[in-house]
Amino acid sequence: MASTNGTSPNHIEIPMHANGAALVVQPKPNQVVDQESNTNYTQRAQWLRAAVLGANDGLVSVASLMMGVGAVKHDITAMVLAGFAGLVAGACSMAIGEFVSVYTQYDIEKAQIKREREPNEEEEVADHEREKLPNPFQAAAASAVAFSVGGVVPMLAALFIRNHKVRMGVVAVAVSLALLVFGIFGAILGRTPVTRSCLRVLIGGWMAMAITFGFTKLLGSVSL
């Protein structure tokens, strides 16, 4: 049956130029940029979060531990051994914690994919769907390696300096510079304000070292 305006009900309106040629509609440029940005962020998010957090934790944890030991012990061996023990224990803890956390997220997202399937679809997760899931092994390895990289910095800074006061000062300066580098690196990759990111990690690192040093010094001055 013809419609009242003389066109078929299935007729599709196509934009036309005045000369009768079909008008090609191009996608908006900002749509492509947004899509690329979202894709890049999705690919980076998991390993970037694990790497940046692991490096900051390793740097601050090991440095604070060494500063705490240095508050009561002037021996370089005690500081380095304490830093090494903190590095190994922290790297293992970060890797295990990240693995458990991301594996839980993996199971949740995998179950969600299966629930959204049609009844006649295969039960196994396809390869293209599996690639979108978080990788617990990758996250655990990134956390452990990043923690170790961060923890090595204060150890190397203290390793060859015999004078206790100079050693403590060099460790504090080296850690501060490393915190700035990690803050800049994380801000650039994560596309966040550089100044704010640097101040956040720098002030947090200073507070951790100062609190550990102060409480350990106080405890060391009390006869137990």
# chains A, B, ... in the order shown; residues from 1 in each chain; ligands from 1
call {"tool": "residues_around", "arguments": {"residues": "Ala144 in chain A", "least_positions_apart": "3", "cutoff": "8 Å", "atoms": "only C-alpha atoms", "output": "count of residues only"}}
result
9
call {"tool": "closest_residue", "arguments": {"among": "A:Cys198, A:Ile108, A:Val69, A:Val60", "to": "Gly90 in chain A", "atoms": "only C-alpha atoms"}}
result
A:Val60
call {"tool": "closest_residue", "arguments": {"among": "A:Ser176, A:Gln105, A:Ser64, A:Asn56", "to": "Asn135 in chain A", "atoms": "only C-alpha atoms"}}
result
A:Gln105
call {"tool": "atom_distance", "arguments": {"atom1": "CA of Leu159 in chain A", "atom2": "CA of Val222 in chain A"}}
result
28.6 Å
call {"tool": "closest_residue", "arguments": {"among": "A:Val62, A:Ala146, A:Ala111, A:Val153", "to": "Ala208 in chain A", "atoms": "only C-alpha atoms"}}
result
A:Val62
call {"tool": "closest_residue", "arguments": {"among": "A:Phe215, A:Phe185, A:Phe99, A:Phe160", "to": "Ala142 in chain A", "atoms": "only C-alpha atoms"}}
result
A:Phe99
call {"tool": "residues_around", "arguments": {"residues": "Val171 in chain A", "least_positions_apart": "4", "cutoff": "9 Å", "atoms": "only C-alpha atoms", "output": "list in words"}}
result
Ala63, Met66, Met67, Val153, Pro154, Met155, Leu156, Ala157, Ala158, Val166, Arg167, Val175 and Ser176 of chain A
call {"tool": "write_last_selection", "arguments": {"atoms": "C-alpha atoms", "output": "PDB file, in the first residue's frame"}}
result
ATOM      1  CA  ALA A  63      63.211   4.342  52.522  1.00  0.00           C
ATOM      2  CA  MET A  66      65.864   2.432  56.461  1.00  0.00           C
ATOM      3  CA  MET A  67      65.287   5.847  58.008  1.00  0.00           C
ATOM      4  CA  VAL A 153      66.827   3.543  45.077  1.00  0.00           C
ATOM      5  CA  PRO A 154      67.348   4.232  48.821  1.00  0.00           C
ATOM      6  CA  MET A 155      69.538   1.135  49.155  1.00  0.00           C
ATOM      7  CA  LEU A 156      71.907   2.296  46.427  1.00  0.00           C
ATOM      8  CA  ALA A 157      71.948   5.806  47.880  1.00  0.00           C
ATOM      9  CA  ALA A 158      73.075   4.510  51.285  1.00  0.00           C
ATOM     10  CA  VAL A 166      75.565  12.251  55.331  1.00  0.00           C
ATOM     11  CA  ARG A 167      74.062   8.865  54.520  1.00  0.00           C
ATOM     12  CA  VAL A 175      64.115   9.426  47.567  1.00  0.00           C
ATOM     13  CA  SER A 176      62.719  12.918  47.005  1.00  0.00           C
TER      14      SER A 176
END
call {"tool": "closest_residue", "arguments": {"among": "A:Ser93, A:Asn163, A:Ser101, A:Ser221", "to": "Gly58 in chain A", "atoms": "only C-alpha atoms"}}
result
A:Ser93
call {"tool": "residues_around", "arguments": {"residues": "Val100 in chain A", "least_positions_apart": "4", "cutoff": "8 Å", "atoms": "only C-alpha atoms", "output": "list in words"}}
result
Ile96, Thr104 and Pro136 of chain A
call {"tool": "select_by_dssp", "arguments": {"residues": "range 98-183 of chain A", "states": "helix (DSSP H, G or I)", "output": "VMD selection string"}}
result
chain A and resid 98 to 115 127 to 130 136 to 159 164 to 183
call {"tool": "closest_residue", "arguments": {"among": "A:Arg200, A:Arg115, A:Ala187, A:Ala178", "to": "Val149 in chain A", "atoms": "only C-alpha atoms"}}
result
A:Ala178
call {"tool": "residues_around", "arguments": {"residues": "Leu133 in chain A", "least_positions_apart": "4", "cutoff": "10 Å", "atoms": "only C-alpha atoms", "output": "mmCIF file with N, CA, C and O atoms, in the first residue's frame"}}
result
data_model
loop_
_atom_site.group_PDB
_atom_site.id
_atom_site.type_symbol
_atom_site.label_atom_id
_atom_site.label_comp_id
_atom_site.auth_asym_id
_atom_site.auth_seq_id
_atom_site.Cartn_x
_atom_site.Cartn_y
_atom_site.Cartn_z
ATOM 1 N N VAL A 102 43.198 -8.827 41.401
ATOM 2 C CA VAL A 102 42.875 -8.807 39.970
ATOM 3 C C VAL A 102 42.225 -10.115 39.538
ATOM 4 O O VAL A 102 41.357 -10.114 38.663
ATOM 5 N N TYR A 103 42.598 -11.229 40.158
ATOM 6 C CA TYR A 103 41.966 -12.496 39.809
ATOM 7 C C TYR A 103 40.488 -12.495 40.208
ATOM 8 O O TYR A 103 39.629 -13.053 39.510
ATOM 9 N N GLN A 105 38.635 -9.804 40.260
ATOM 10 C CA GLN A 105 38.009 -8.981 39.229
ATOM 11 C C GLN A 105 37.843 -9.768 37.932
ATOM 12 O O GLN A 105 36.819 -9.651 37.242
ATOM 13 N N TYR A 106 38.834 -10.582 37.595
ATOM 14 C CA TYR A 106 38.769 -11.420 36.395
ATOM 15 C C TYR A 106 37.579 -12.384 36.453
ATOM 16 O O TYR A 106 36.826 -12.519 35.481
ATOM 17 N N ASP A 107 37.408 -13.053 37.596
ATOM 18 C CA ASP A 107 36.294 -13.991 37.747
ATOM 19 C C ASP A 107 34.945 -13.278 37.638
ATOM 20 O O ASP A 107 33.997 -13.800 37.038
ATOM 21 N N ILE A 108 34.851 -12.090 38.223
ATOM 22 C CA ILE A 108 33.593 -11.343 38.179
ATOM 23 C C ILE A 108 33.246 -10.943 36.745
ATOM 24 O O ILE A 108 32.107 -11.119 36.284
ATOM 25 N N GLU A 109 34.217 -10.418 36.009
ATOM 26 C CA GLU A 109 33.954 -9.975 34.633
ATOM 27 C C GLU A 109 33.686 -11.169 33.717
ATOM 28 O O GLU A 109 32.866 -11.084 32.795
ATOM 29 N N LYS A 110 34.377 -12.278 33.950
ATOM 30 C CA LYS A 110 34.143 -13.473 33.137
ATOM 31 C C LYS A 110 32.733 -14.012 33.359
ATOM 32 O O LYS A 110 32.037 -14.399 32.407
ATOM 33 N N ILE A 113 30.220 -11.808 31.542
ATOM 34 C CA ILE A 113 30.166 -12.075 30.102
ATOM 35 C C ILE A 113 29.287 -13.289 29.819
ATOM 36 O O ILE A 113 28.472 -13.300 28.890
ATOM 37 N N HIS A 128 38.582 -12.966 21.682
ATOM 38 C CA HIS A 128 38.502 -11.510 21.655
ATOM 39 C C HIS A 128 37.885 -10.964 22.941
ATOM 40 O O HIS A 128 38.176 -9.839 23.348
ATOM 41 N N GLU A 129 37.030 -11.772 23.583
ATOM 42 C CA GLU A 129 36.479 -11.362 24.869
ATOM 43 C C GLU A 129 37.491 -11.554 25.986
ATOM 44 O O GLU A 129 37.566 -10.774 26.929
#
call {"tool": "atom_distance", "arguments": {"atom1": "CA of Met168 in chain A", "atom2": "CA of Leu53 in chain A"}}
result
24.4 Å
